[in-house]
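A.B. asks: Structure file final06.cif (mmCIF, C-alpha atoms) is given on the next line.
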data_final
#
loop_
_atom_site.label_atom_id
_atom_site.label_comp_id
_atom_site.auth_asym_id
_atom_site.auth_seq_id
_atom_site.Cartn_x
_atom_site.Cartn_y
_atom_site.Cartn_z
CA MET K 1 -3.04 252.77 -54.91
CA THR K 2 -0.94 254.15 -57.78
CA LEU K 3 1.45 251.65 -59.35
CA ALA K 4 4.90 252.69 -60.52
CA LYS K 5 5.04 252.71 -64.33
CA ASN K 6 8.81 252.95 -64.64
CA LEU K 7 11.97 253.09 -62.57
CA LEU K 8 11.73 256.84 -62.02
CA ASP K 9 8.37 256.43 -60.30
CA LEU K 10 9.99 254.52 -57.43
CA ASN K 11 10.89 256.44 -54.29
CA ASP K 12 14.49 256.81 -53.16
CA ASP K 13 14.34 253.94 -50.66
CA CYS K 14 13.13 251.53 -53.33
CA LEU K 15 15.79 252.69 -55.77
CA LEU K 16 18.52 252.20 -53.18
CA GLU K 17 17.18 248.68 -52.65
CA VAL K 18 17.46 248.06 -56.40
CA PHE K 19 20.92 249.59 -56.75
CA GLN K 20 22.41 247.36 -54.06
CA TYR K 21 21.97 244.36 -56.39
CA LEU K 22 24.15 246.02 -59.05
CA ASN K 23 27.88 245.53 -59.07
CA CYS K 24 30.19 248.53 -58.91
CA ALA K 25 30.61 248.75 -62.70
CA GLU K 26 26.82 248.75 -63.20
CA GLN K 27 26.33 251.35 -60.47
CA ASN K 28 28.92 253.54 -62.18
CA ARG K 29 26.97 253.37 -65.45
CA VAL K 30 23.57 253.95 -63.82
CA ARG K 31 24.73 257.07 -61.97
CA LYS K 32 25.39 258.80 -65.31
CA LEU K 33 21.73 258.54 -66.40
CA CYS K 34 20.44 261.44 -64.31
CA ALA K 35 21.29 263.66 -61.34
CA ARG K 36 18.88 261.74 -59.07
CA PHE K 37 20.57 258.41 -59.78
CA GLU K 38 23.95 260.09 -59.33
CA GLY K 39 23.01 261.20 -55.82
CA LEU K 40 21.53 257.84 -54.85
CA VAL K 41 24.51 255.85 -56.10
CA GLN K 42 26.86 258.17 -54.22
CA GLN K 43 24.72 257.69 -51.12
CA TYR K 44 25.12 253.92 -51.50
CA TRP K 45 28.86 254.20 -52.13
CA LYS K 46 29.31 256.12 -48.88
CA LYS K 47 28.12 253.07 -46.94
CA ASN K 48 31.24 251.17 -47.99
CA LYS K 49 34.06 251.24 -45.44
CA HIS K 50 36.52 249.03 -47.37
CA LEU K 51 38.38 250.14 -50.49
CA GLN K 52 40.60 248.19 -52.87
CA LEU K 53 42.97 250.29 -54.94
CA SER K 54 44.49 248.67 -58.01
CA VAL K 55 44.68 248.93 -61.78
CA ASN K 56 42.36 245.93 -61.93
CA THR K 57 39.76 247.83 -59.85
CA VAL K 58 39.79 250.64 -62.41
CA ASN K 59 39.61 248.28 -65.37
CA VAL K 60 36.83 246.04 -64.03
CA ASN K 61 34.68 248.33 -61.88
CA PHE K 62 35.04 251.56 -63.82
CA ASP K 63 35.44 250.38 -67.42
CA LYS K 64 39.11 251.44 -67.50
CA SER K 65 38.13 255.05 -66.83
CA LEU K 66 40.46 256.81 -64.41
CA SER K 67 38.18 259.85 -64.41
CA ASP K 68 35.24 257.71 -63.23
CA PHE K 69 37.44 256.16 -60.56
CA GLU K 70 38.53 259.64 -59.49
CA ASP K 71 34.85 260.61 -59.13
CA TYR K 72 34.36 257.56 -56.94
CA LEU K 73 37.31 258.45 -54.71
CA ALA K 74 35.99 262.00 -54.34
CA VAL K 75 32.80 260.51 -52.86
CA VAL K 76 34.28 257.89 -50.52
CA ASN K 77 37.71 259.22 -49.49
CA ASP K 78 36.43 260.67 -46.20
CA VAL K 79 34.42 257.59 -45.10
CA ILE K 80 36.79 254.74 -45.94
CA VAL K 81 38.27 253.00 -42.88
CA ASP K 82 40.08 249.96 -44.34
CA VAL K 83 42.16 250.14 -47.55
CA GLU K 84 43.98 247.55 -49.65
CA PHE K 85 46.45 248.87 -52.20
CA ILE K 86 47.70 246.32 -54.74
CA CYS K 87 50.21 247.31 -57.39
CA GLY K 88 51.06 244.08 -59.22
CA VAL K 89 54.57 243.32 -60.41
CA PHE K 90 53.77 244.22 -63.99
CA THR K 91 56.08 243.32 -66.86
CA PHE K 92 54.24 244.94 -69.78
CA ASN K 93 54.82 248.58 -70.63
CA ASN K 94 51.13 249.53 -70.83
CA CYS K 95 50.48 248.07 -67.37
CA LEU K 96 53.38 250.01 -65.90
CA ILE K 97 52.06 253.22 -67.40
CA GLU K 98 48.58 252.45 -66.01
CA SER K 99 50.14 251.91 -62.59
CA LYS K 100 51.86 255.29 -62.79
CA GLN K 101 48.58 256.96 -63.78
CA LEU K 102 46.78 255.33 -60.85
CA THR K 103 49.47 256.62 -58.51
CA ASN K 104 48.98 260.15 -59.86
CA VAL K 105 45.24 259.93 -59.15
CA LEU K 106 45.70 258.63 -55.60
CA GLN K 107 48.09 261.45 -54.72
CA LYS K 108 45.22 263.92 -55.16
CA PHE K 109 43.28 262.53 -52.19
CA LYS K 110 43.56 262.31 -48.42
CA PHE K 111 41.90 259.32 -46.75
CA SER K 112 41.74 260.98 -43.36
CA ASN K 113 39.54 258.35 -41.69
CA ALA K 114 41.46 255.33 -42.94
CA ARG K 115 42.82 253.40 -39.95
CA SER K 116 44.07 250.19 -41.63
CA LEU K 117 46.07 249.87 -44.85
CA SER K 118 47.43 246.80 -46.63
CA PHE K 119 50.08 248.20 -48.97
CA ASN K 120 51.45 245.76 -51.58
CA ALA K 121 53.51 247.73 -54.06
CA PHE K 122 56.89 248.65 -55.45
CA LYS K 123 59.18 250.37 -52.97
CA GLU K 124 58.95 253.64 -54.92
CA ASP K 125 55.20 253.75 -54.30
CA ILE K 126 55.71 254.23 -50.57
CA VAL K 127 55.25 257.98 -51.09
CA LEU K 128 51.52 257.25 -51.37
CA LEU K 129 51.43 256.76 -47.60
CA LYS K 130 51.08 260.53 -47.29
CA SER K 131 47.49 260.03 -48.50
CA PHE K 132 46.75 258.11 -45.28
CA PRO K 133 47.80 260.48 -42.46
CA ASN K 134 45.88 258.84 -39.60
CA LEU K 135 46.73 255.17 -40.03
CA LYS K 136 46.90 252.97 -36.94
CA LYS K 137 47.67 249.64 -38.65
CA LEU K 138 49.91 249.20 -41.70
CA ARG K 139 50.72 245.99 -43.58
CA LEU K 140 53.67 246.75 -45.82
CA ALA K 141 54.96 244.56 -48.67
CA LEU K 142 57.48 246.24 -50.95
CA PHE K 143 59.05 244.82 -54.09
CA GLU K 144 61.86 245.79 -56.42
CA ARG K 145 60.74 247.11 -59.83
CA LEU K 146 62.12 244.97 -62.65
CA PHE K 147 62.08 245.33 -66.45
CA SER K 148 60.67 248.85 -66.35
CA PRO K 149 60.86 251.02 -69.49
CA PRO K 150 63.03 254.17 -69.19
CA GLN K 151 60.11 256.61 -69.15
CA VAL K 152 58.57 254.85 -66.15
CA MET K 153 61.83 254.47 -64.25
CA SER K 154 62.60 258.18 -64.69
CA TYR K 155 59.31 258.94 -62.94
CA TYR K 156 59.91 256.61 -60.02
CA HIS K 157 63.49 257.73 -59.48
CA THR K 158 62.14 261.17 -58.55
CA CYS K 159 60.20 259.65 -55.61
CA GLN K 160 61.58 259.87 -52.11
CA LEU K 161 61.49 256.79 -49.90
CA ASP K 162 60.52 258.47 -46.64
CA GLY K 163 56.78 257.80 -46.76
CA LEU K 164 56.79 255.65 -43.64
CA GLY K 165 57.75 258.67 -41.56
CA LEU K 166 54.44 260.30 -42.48
CA CYS K 167 52.47 257.68 -40.51
CA LYS K 168 52.80 259.54 -37.24
CA HIS K 169 49.81 257.86 -35.55
CA LEU K 170 50.78 254.28 -36.42
CA GLU K 171 50.30 251.67 -33.68
CA GLU K 172 50.96 248.39 -35.52
CA LEU K 173 53.39 247.72 -38.37
CA TYR K 174 53.58 244.47 -40.38
CA MET K 175 56.38 244.16 -42.95
CA HIS K 176 57.17 241.59 -45.66
CA PRO K 177 59.55 241.70 -47.40
CA VAL K 178 61.66 244.84 -46.97
CA SER K 179 64.62 245.87 -49.06
CA VAL K 180 67.81 246.29 -47.06
CA HIS K 181 68.26 249.68 -48.72
CA LEU K 182 65.25 250.97 -46.78
CA TYR K 183 66.42 249.93 -43.31
CA PRO K 184 68.00 253.29 -42.35
CA THR K 185 64.83 255.17 -43.34
CA PHE K 186 62.57 252.74 -41.49
CA ILE K 187 64.65 252.81 -38.32
CA ASP K 188 64.64 256.61 -38.20
CA SER K 189 60.89 256.73 -38.81
CA ILE K 190 60.09 254.05 -36.23
CA ALA K 191 62.10 255.89 -33.60
CA GLN K 192 59.85 258.94 -34.00
CA MET K 193 56.47 257.17 -33.88
CA ARG K 194 54.97 257.95 -30.49
CA ASN K 195 52.08 255.46 -30.67
CA LEU K 196 53.82 252.47 -32.27
CA ARG K 197 53.65 249.41 -30.01
CA LEU K 198 53.87 246.33 -32.29
CA ILE K 199 56.12 245.30 -35.19
CA LEU K 200 55.87 242.04 -37.11
CA CYS K 201 58.46 241.28 -39.80
CA MET K 202 57.74 238.32 -42.05
CA GLN K 203 61.35 237.44 -42.78
CA GLN K 204 64.45 236.30 -40.99
CA ASP K 205 66.64 239.36 -40.76
CA GLY K 206 68.68 239.53 -37.60
CA LYS K 207 70.28 242.88 -38.42
CA PHE K 208 66.94 244.66 -38.63
CA PHE K 209 65.91 243.27 -35.24
CA ILE K 210 69.22 244.25 -33.65
CA ASP K 211 68.80 247.80 -34.96
CA LEU K 212 65.25 247.86 -33.60
CA SER K 213 66.35 246.60 -30.19
CA LYS K 214 68.90 249.42 -30.00
CA ILE K 215 66.37 252.19 -30.55
CA LEU K 216 63.62 250.57 -28.47
CA LYS K 217 66.05 249.55 -25.70
CA ASP K 218 64.20 248.56 -22.51
CA ARG K 219 60.74 249.21 -24.01
CA ILE K 220 60.38 245.71 -25.52
CA TYR K 221 58.30 243.38 -23.32
CA SER K 222 57.37 240.61 -25.81
CA PHE K 223 59.35 238.75 -28.49
CA ALA K 224 58.31 235.89 -30.78
CA GLY K 225 60.63 234.57 -33.48
CA PRO K 226 63.77 232.56 -34.28
CA PHE K 227 65.97 232.31 -31.21
CA TYR K 228 69.19 233.42 -32.89
CA MET K 229 67.76 236.92 -33.42
CA ILE K 230 67.16 237.75 -29.79
CA ASN K 231 70.27 235.83 -28.69
CA ASN K 232 72.46 237.96 -30.95
CA SER K 233 70.94 241.27 -29.84
CA CYS K 234 72.08 240.87 -26.21
CA ALA K 235 70.00 243.89 -25.22
CA VAL K 236 66.49 242.68 -24.38
CA TYR K 237 66.19 241.68 -20.72
CA ASP K 238 62.86 243.18 -19.58
CA LEU K 239 60.78 240.62 -21.45
CA LYS K 240 57.53 239.39 -19.96
CA MET K 241 56.62 237.12 -22.89
CA LEU K 242 59.05 235.10 -24.99
CA ALA K 243 58.25 232.66 -27.81
CA VAL K 244 61.26 231.19 -29.63
CA PHE K 245 62.02 228.63 -32.30
CA LEU K 246 65.04 226.46 -31.50
CA GLY K 247 66.67 225.08 -34.63
CA ARG K 248 69.86 223.59 -33.13
CA GLU K 249 70.67 221.67 -29.96
CA GLU K 250 73.26 224.20 -28.76
CA GLN K 251 70.55 226.86 -28.69
CA ARG K 252 68.97 225.15 -25.68
CA LEU K 253 71.96 226.12 -23.53
CA GLN K 254 71.95 229.64 -24.99
CA LEU K 255 68.26 229.94 -24.13
CA LEU K 256 69.02 229.02 -20.51
CA ASN K 257 71.59 231.82 -20.34
CA LEU K 258 69.05 234.30 -21.68
CA ILE K 259 66.46 233.22 -19.11
CA LYS K 260 68.97 233.94 -16.34
CA ALA K 261 68.95 237.60 -17.43
CA CYS K 262 65.18 237.85 -18.01
CA LYS K 263 64.12 237.83 -14.38
CA VAL K 264 60.62 239.26 -14.91
CA LEU K 265 59.63 236.74 -17.60
CA GLU K 266 56.04 235.49 -17.21
CA LEU K 267 55.47 233.25 -20.25
CA LEU K 268 57.94 231.14 -22.25
CA GLU K 269 56.87 229.26 -25.40
CA ILE K 270 59.37 226.95 -27.09
CA TYR K 271 59.05 225.57 -30.63
CA GLY K 272 61.37 223.34 -32.62
CA ILE K 273 63.68 220.64 -31.32
CA GLU K 274 62.76 218.43 -28.36
CA LEU K 275 63.83 219.73 -24.97
CA GLY K 276 64.74 216.71 -22.85
CA ILE K 277 64.71 216.08 -19.11
CA ARG K 278 68.19 217.57 -18.67
CA PHE K 279 67.07 220.90 -20.13
CA LEU K 280 63.99 221.02 -17.89
CA SER K 281 66.05 220.26 -14.79
CA LYS K 282 68.55 223.01 -15.58
CA LEU K 283 65.71 225.42 -16.29
CA GLU K 284 64.13 224.67 -12.93
CA ASP K 285 67.46 225.19 -11.16
CA ILE K 286 67.90 228.58 -12.85
CA LEU K 287 64.39 229.68 -11.92
CA THR K 288 64.92 228.56 -8.33
CA ASN K 289 67.92 230.90 -8.02
CA THR K 290 66.74 233.86 -10.15
CA ARG K 291 62.94 234.04 -9.93
CA ILE K 292 61.88 237.29 -8.22
CA SER K 293 58.22 237.72 -9.20
CA GLY K 294 56.83 235.20 -6.69
CA GLN K 295 54.86 233.51 -9.47
CA PRO K 296 55.96 230.38 -11.39
CA LEU K 297 57.14 230.86 -14.94
CA ARG K 298 54.62 229.42 -17.39
CA VAL K 299 56.61 227.25 -19.79
CA LYS K 300 54.85 225.79 -22.81
CA TYR K 301 56.47 223.42 -25.27
CA ILE K 302 54.73 223.52 -28.68
CA SER K 303 55.13 220.13 -30.35
CA ARG K 304 54.33 219.18 -33.94
CA GLN K 305 54.22 215.49 -32.93
CA VAL K 306 51.32 213.60 -31.42
CA TYR K 307 53.45 212.38 -28.53
CA VAL K 308 56.73 213.72 -27.20
CA ASP K 309 58.53 211.98 -24.35
CA ILE K 310 60.36 214.87 -22.69
CA THR K 311 58.90 214.44 -19.23
CA ARG K 312 59.99 213.35 -15.78
CA ARG K 313 57.47 210.54 -15.67
CA ASN K 314 54.68 209.03 -17.78
CA TYR K 315 51.26 207.87 -16.70
CA ASN K 316 49.32 205.54 -19.03
CA GLY K 317 51.30 206.88 -21.99
CA LEU K 318 50.44 210.54 -21.27
CA PRO K 319 53.28 213.02 -20.76
CA ILE K 320 53.13 214.56 -17.28
CA VAL K 321 55.49 217.03 -15.64
CA LYS K 322 55.54 217.62 -11.92
CA ASN K 323 55.33 221.39 -11.61
CA SER K 324 57.19 223.37 -8.99
CA PRO K 325 56.74 226.76 -7.28
CA TYR K 326 59.05 228.17 -9.95
CA MET K 327 57.80 226.55 -13.17
CA ASP K 328 54.38 225.65 -14.58
CA PHE K 329 55.14 223.35 -17.52
CA SER K 330 52.74 222.15 -20.24
CA ILE K 331 52.82 220.60 -23.72
CA GLU K 332 50.63 221.62 -26.63
CA ASN K 333 50.38 219.84 -29.98
CA ARG K 334 50.05 222.01 -33.08
CA GLY K 335 50.40 221.04 -36.73
CA GLY K 336 52.12 222.94 -39.52
CA ILE K 337 55.17 225.18 -39.58
CA PRO K 338 55.14 227.75 -36.74
CA ASP K 339 55.34 231.42 -37.68
CA VAL K 340 58.18 231.95 -35.20
CA SER K 341 60.46 229.85 -37.41
CA PHE K 342 60.51 232.42 -40.24
CA SER K 343 59.28 235.74 -38.79
CA PHE K 344 59.57 237.82 -35.66
CA LYS K 345 57.09 239.92 -33.70
CA ILE K 346 57.87 242.38 -30.94
CA GLU K 347 55.56 244.30 -28.67
CA PHE K 348 56.81 247.27 -26.72
CA LYS K 349 55.74 250.29 -24.71
CA SER K 350 54.94 253.27 -26.90
CA LEU K 351 56.51 256.67 -26.29
CA SER K 352 53.04 258.00 -25.48
CA ASP K 353 52.66 255.40 -22.70
CA LEU K 354 56.02 256.33 -21.23
CA SER K 355 55.21 260.04 -21.18
CA GLU K 356 51.97 259.60 -19.23
#
With the file now loaded, output its structure as structure tokens.

C.D. replies:
Amino acid sequence: MTLAKNLLDLNDDCLLEVFQYLNCAEQNRVRKLCARFEGLVQQYWKKNKHLQLSVNTVNVNFDKSLSDFEDYLAVVNDVIVDVEFICGVFTFNNCLIESKQLTNVLQKFKFSNARSLSFNAFKEDIVLLKSFPNLKKLRLALFERLFSPPQVMSYYHTCQLDGLGLCKHLEELYMHPVSVHLYPTFIDSIAQMRNLRLILCMQQDGKFFIDLSKILKDRIYSFAGPFYMINNSCAVYDLKMLAVFLGREEQRLQLLNLIKACKVLELLEIYGIELGIRFLSKLEDILTNTRISGQPLRVKYISRQVYVDITRRNYNGLPIVKNSPYMDFSIENRGGIPDVSFSFKIEFKSLSDLSE
């Protein structure tokens, strides 16, 4: 048997095994040694389905070389499925210029197989979404650019803020936070997305939800969020699932009025203030007179306390509710602050579903 005398004597499989123990920066250096190593490193890079795009990625993994990073993108752009774009809120001029240069590089590529993108950037960078034409899931966090030097601001002022409209295949959209100046653009874009069926907004903005409810109309079948949002919209009555956070006592009565209109509701989750026997009795009376599905409404109270006495009767200290043909009531204890207290999520029928 002939023993390998140096690295070049190893076959390709053995070299790939060796290269996997190198970090990205080391792989980038090794690939420059010869054409064979170049091809093997590229072969290894193509196995990666996740990509992080940031100035830090260029500085750490590619020794601050944008040209090396561009070579890397040329290899992986058509195989990447999941992308994370992070453009930090830089305050130093050189970092802002680096961010601009990174944006220029990214605009040269199309990530046609990317299906999921986490986009954390300045609002002007939204034009980069055109590099991801086939996205199905988008997590969008946009920030205002502060303390930018004039030469950088002049560049960003030339950008248009209509990038969201380029995501024509989007199915799920997660937003936090969004500048109010972008609402008109977002609403117009969302109205044209044929496959969009879920929106989650990580902030309390009732106006945005009201505008959404107007364009989505009777397509919304699930809402989770602060109660005042859906109560103020007065346009969502075909709900099948409703999860609300009640912050004030008067909202209990308002919730009862909403339930009267939502006659096809299947699941109701309530967070926040305690309900009380009076509320449950009124709820049961409403369901008795309005329920048309033939199935009891599943009502779940989500408590942050170990024990909540909101029941008709107690047995050995355990809360028990006598269920009826119209209501199936239960209590669940969960710790922490519920998401529905500071964000809202809606699910709705896509335009593609309606056209079938």

A.B. asks: I need the output of the PyMOL selection byres ((chain K and resi 131) around 9) for this file as a list in words; which residues are they?

C.D. replies: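 Evaluating the PyMOL selection byres ((chain K and resi 131) around 9) on these coordinates yields Leu106, Gln107, Lys108, Phe109, Lys110, Phe111, Ser112, Val127, Leu128, Leu129, Lys130, Phe132 and Pro133 of chain K.
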
A.B. asks: Need the shell around K:Ile259: protein/DNA/RNA residues with any atom at most 12 Å away, counting only C-alpha atoms. Skip same-chain ones fewer than 3 positions apart. Format as a ChimeraX atom specification?

C.D. replies: /K:230-231,234,236-244,252-256,262-268,282-291,297,299

A.B. asks: Suppose we keep C-alpha atoms; can you now write the selection as an mmCIF file, in the frame of the given file?

C.D. replies:
data_model
loop_
_atom_site.group_PDB
_atom_site.id
_atom_site.type_symbol
_atom_site.label_atom_id
_atom_site.label_comp_id
_atom_site.auth_asym_id
_atom_site.auth_seq_id
_atom_site.Cartn_x
_atom_site.Cartn_y
_atom_site.Cartn_z
ATOM 1 C CA ILE K 230 67.160 237.750 -29.790
ATOM 2 C CA ASN K 231 70.270 235.830 -28.690
ATOM 3 C CA CYS K 234 72.080 240.870 -26.210
ATOM 4 C CA VAL K 236 66.490 242.680 -24.380
ATOM 5 C CA TYR K 237 66.190 241.680 -20.720
ATOM 6 C CA ASP K 238 62.860 243.180 -19.580
ATOM 7 C CA LEU K 239 60.780 240.620 -21.450
ATOM 8 C CA LYS K 240 57.530 239.390 -19.960
ATOM 9 C CA MET K 241 56.620 237.120 -22.890
ATOM 10 C CA LEU K 242 59.050 235.100 -24.990
ATOM 11 C CA ALA K 243 58.250 232.660 -27.810
ATOM 12 C CA VAL K 244 61.260 231.190 -29.630
ATOM 13 C CA ARG K 252 68.970 225.150 -25.680
ATOM 14 C CA LEU K 253 71.960 226.120 -23.530
ATOM 15 C CA GLN K 254 71.950 229.640 -24.990
ATOM 16 C CA LEU K 255 68.260 229.940 -24.130
ATOM 17 C CA LEU K 256 69.020 229.020 -20.510
ATOM 18 C CA CYS K 262 65.180 237.850 -18.010
ATOM 19 C CA LYS K 263 64.120 237.830 -14.380
ATOM 20 C CA VAL K 264 60.620 239.260 -14.910
ATOM 21 C CA LEU K 265 59.630 236.740 -17.600
ATOM 22 C CA GLU K 266 56.040 235.490 -17.210
ATOM 23 C CA LEU K 267 55.470 233.250 -20.250
ATOM 24 C CA LEU K 268 57.940 231.140 -22.250
ATOM 25 C CA LYS K 282 68.550 223.010 -15.580
ATOM 26 C CA LEU K 283 65.710 225.420 -16.290
ATOM 27 C CA GLU K 284 64.130 224.670 -12.930
ATOM 28 C CA ASP K 285 67.460 225.190 -11.160
ATOM 29 C CA ILE K 286 67.900 228.580 -12.850
ATOM 30 C CA LEU K 287 64.390 229.680 -11.920
ATOM 31 C CA THR K 288 64.920 228.560 -8.330
ATOM 32 C CA ASN K 289 67.920 230.900 -8.020
ATOM 33 C CA THR K 290 66.740 233.860 -10.150
ATOM 34 C CA ARG K 291 62.940 234.040 -9.930
ATOM 35 C CA LEU K 297 57.140 230.860 -14.940
ATOM 36 C CA VAL K 299 56.610 227.250 -19.790
#

A.B. asks: Smallest atom-to-atom distance to K:Asn56: which of K:Leu102, K:Leu258, K:Val83, K:Ala74, using all atoms listed in the file?

C.D. replies: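 For K:Asn56, the nearest of the candidates is K:Leu102.
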
A.B. asks: Using the chain letters and residue numbers of this document, give as a list in words the residues selected by the PyMOL selection byres ((chain K and resi 216) around 10).

C.D. replies: Ile190, Ala191, Ile210, Asp211, Leu212, Ser213, Lys214, Ile215, Lys217, Asp218, Arg219, Ile220, Ala235, Val236, Phe348, Lys349, Ser350 and Leu351 of chain K

A.B. asks: Rounded to one decimal, what separation in Å do you get between atom CA of K:Ser281 and atom CA of K:Tyr221?

C.D. replies: 25.8 Å

A.B. asks: Rounded to one decimal place, report the atom CA of K:Glu332-atom CA of K:Gly225 distance in Å.

C.D. replies: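 Straight-line distance from atom CA of K:Glu332 to atom CA of K:Gly225 works out to 17.7 Å.
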
A.B. asks: Can you work out which one of K:Phe227, K:Cys87, K:Arg115, K:Ile187 has the shortest atom-to-atom distance to K:Glu172, counting all atoms listed in the file?

C.D. replies: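 That would be K:Arg115, the residue with the smallest distance to K:Glu172.
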
A.B. asks: Give the answer as one residue: which of K:His176, K:Lys100, K:Lys47, K:Lys64 has the shortest atom-to-atom distance to K:Val79, using only C-alpha atoms?

C.D. replies: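 When distances to K:Val79 are compared using only C-alpha atoms, the smallest one comes from K:Lys47.
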
A.B. asks: Could you pull stretch 233-252 of chain K out of the block above and give me N, CA and C atoms, as a PDB file, in the first residue's frame?

C.D. replies:
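Generated file (result-v2.pdb):
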ATOM      1  N   SER K 233     -61.740  47.499  14.475  1.00  0.00           N
ATOM      2  CA  SER K 233     -61.855  47.315  13.028  1.00  0.00           C
ATOM      3  C   SER K 233     -63.295  47.147  12.584  1.00  0.00           C
ATOM      4  N   CYS K 234     -64.103  46.456  13.411  1.00  0.00           N
ATOM      5  CA  CYS K 234     -65.536  46.280  13.125  1.00  0.00           C
ATOM      6  C   CYS K 234     -65.776  45.711  11.728  1.00  0.00           C
ATOM      7  N   ALA K 235     -64.903  44.822  11.268  1.00  0.00           N
ATOM      8  CA  ALA K 235     -65.071  44.305   9.910  1.00  0.00           C
ATOM      9  C   ALA K 235     -64.741  42.827   9.787  1.00  0.00           C
ATOM     10  N   VAL K 236     -64.393  42.170  10.900  1.00  0.00           N
ATOM     11  CA  VAL K 236     -63.931  40.789  10.842  1.00  0.00           C
ATOM     12  C   VAL K 236     -64.940  39.906  11.573  1.00  0.00           C
ATOM     13  N   TYR K 237     -65.824  39.263  10.832  1.00  0.00           N
ATOM     14  CA  TYR K 237     -66.885  38.474  11.452  1.00  0.00           C
ATOM     15  C   TYR K 237     -66.858  37.000  11.052  1.00  0.00           C
ATOM     16  N   ASP K 238     -66.001  36.611  10.115  1.00  0.00           N
ATOM     17  CA  ASP K 238     -65.946  35.224   9.668  1.00  0.00           C
ATOM     18  C   ASP K 238     -64.816  34.462  10.346  1.00  0.00           C
ATOM     19  N   LEU K 239     -64.480  34.862  11.560  1.00  0.00           N
ATOM     20  CA  LEU K 239     -63.384  34.227  12.280  1.00  0.00           C
ATOM     21  C   LEU K 239     -63.757  32.821  12.726  1.00  0.00           C
ATOM     22  N   LYS K 240     -62.796  31.915  12.611  1.00  0.00           N
ATOM     23  CA  LYS K 240     -62.933  30.581  13.181  1.00  0.00           C
ATOM     24  C   LYS K 240     -62.082  30.418  14.433  1.00  0.00           C
ATOM     25  N   MET K 241     -60.985  31.203  14.514  1.00  0.00           N
ATOM     26  CA  MET K 241     -60.107  31.169  15.677  1.00  0.00           C
ATOM     27  C   MET K 241     -59.833  32.591  16.151  1.00  0.00           C
ATOM     28  N   LEU K 242     -59.974  32.806  17.445  1.00  0.00           N
ATOM     29  CA  LEU K 242     -59.779  34.136  18.018  1.00  0.00           C
ATOM     30  C   LEU K 242     -59.035  34.007  19.338  1.00  0.00           C
ATOM     31  N   ALA K 243     -57.887  34.684  19.439  1.00  0.00           N
ATOM     32  CA  ALA K 243     -57.110  34.735  20.682  1.00  0.00           C
ATOM     33  C   ALA K 243     -56.874  36.197  21.008  1.00  0.00           C
ATOM     34  N   VAL K 244     -57.363  36.666  22.160  1.00  0.00           N
ATOM     35  CA  VAL K 244     -57.298  38.087  22.483  1.00  0.00           C
ATOM     36  C   VAL K 244     -56.739  38.310  23.879  1.00  0.00           C
ATOM     37  N   PHE K 245     -56.102  39.461  24.031  1.00  0.00           N
ATOM     38  CA  PHE K 245     -55.611  39.909  25.332  1.00  0.00           C
ATOM     39  C   PHE K 245     -56.538  41.017  25.824  1.00  0.00           C
ATOM     40  N   LEU K 246     -57.153  40.792  26.982  1.00  0.00           N
ATOM     41  CA  LEU K 246     -58.038  41.786  27.577  1.00  0.00           C
ATOM     42  C   LEU K 246     -57.271  42.568  28.637  1.00  0.00           C
ATOM     43  N   GLY K 247     -57.134  43.875  28.407  1.00  0.00           N
ATOM     44  CA  GLY K 247     -56.380  44.691  29.347  1.00  0.00           C
ATOM     45  C   GLY K 247     -57.237  45.478  30.311  1.00  0.00           C
ATOM     46  N   ARG K 248     -58.540  45.624  30.005  1.00  0.00           N
ATOM     47  CA  ARG K 248     -59.445  46.410  30.856  1.00  0.00           C
ATOM     48  C   ARG K 248     -60.747  45.645  31.050  1.00  0.00           C
ATOM     49  N   GLU K 249     -61.419  45.916  32.166  1.00  0.00           N
ATOM     50  CA  GLU K 249     -62.644  45.197  32.492  1.00  0.00           C
ATOM     51  C   GLU K 249     -63.751  45.447  31.472  1.00  0.00           C
ATOM     52  N   GLU K 250     -63.847  46.674  30.954  1.00  0.00           N
ATOM     53  CA  GLU K 250     -64.926  46.969  30.005  1.00  0.00           C
ATOM     54  C   GLU K 250     -64.770  46.193  28.704  1.00  0.00           C
ATOM     55  N   GLN K 251     -63.578  45.689  28.439  1.00  0.00           N
ATOM     56  CA  GLN K 251     -63.372  44.929  27.207  1.00  0.00           C
ATOM     57  C   GLN K 251     -64.070  43.571  27.245  1.00  0.00           C
ATOM     58  N   ARG K 252     -64.393  43.086  28.440  1.00  0.00           N
ATOM     59  CA  ARG K 252     -65.119  41.818  28.527  1.00  0.00           C
ATOM     60  C   ARG K 252     -66.490  41.936  27.866  1.00  0.00           C
TER      61      ARG K 252
END
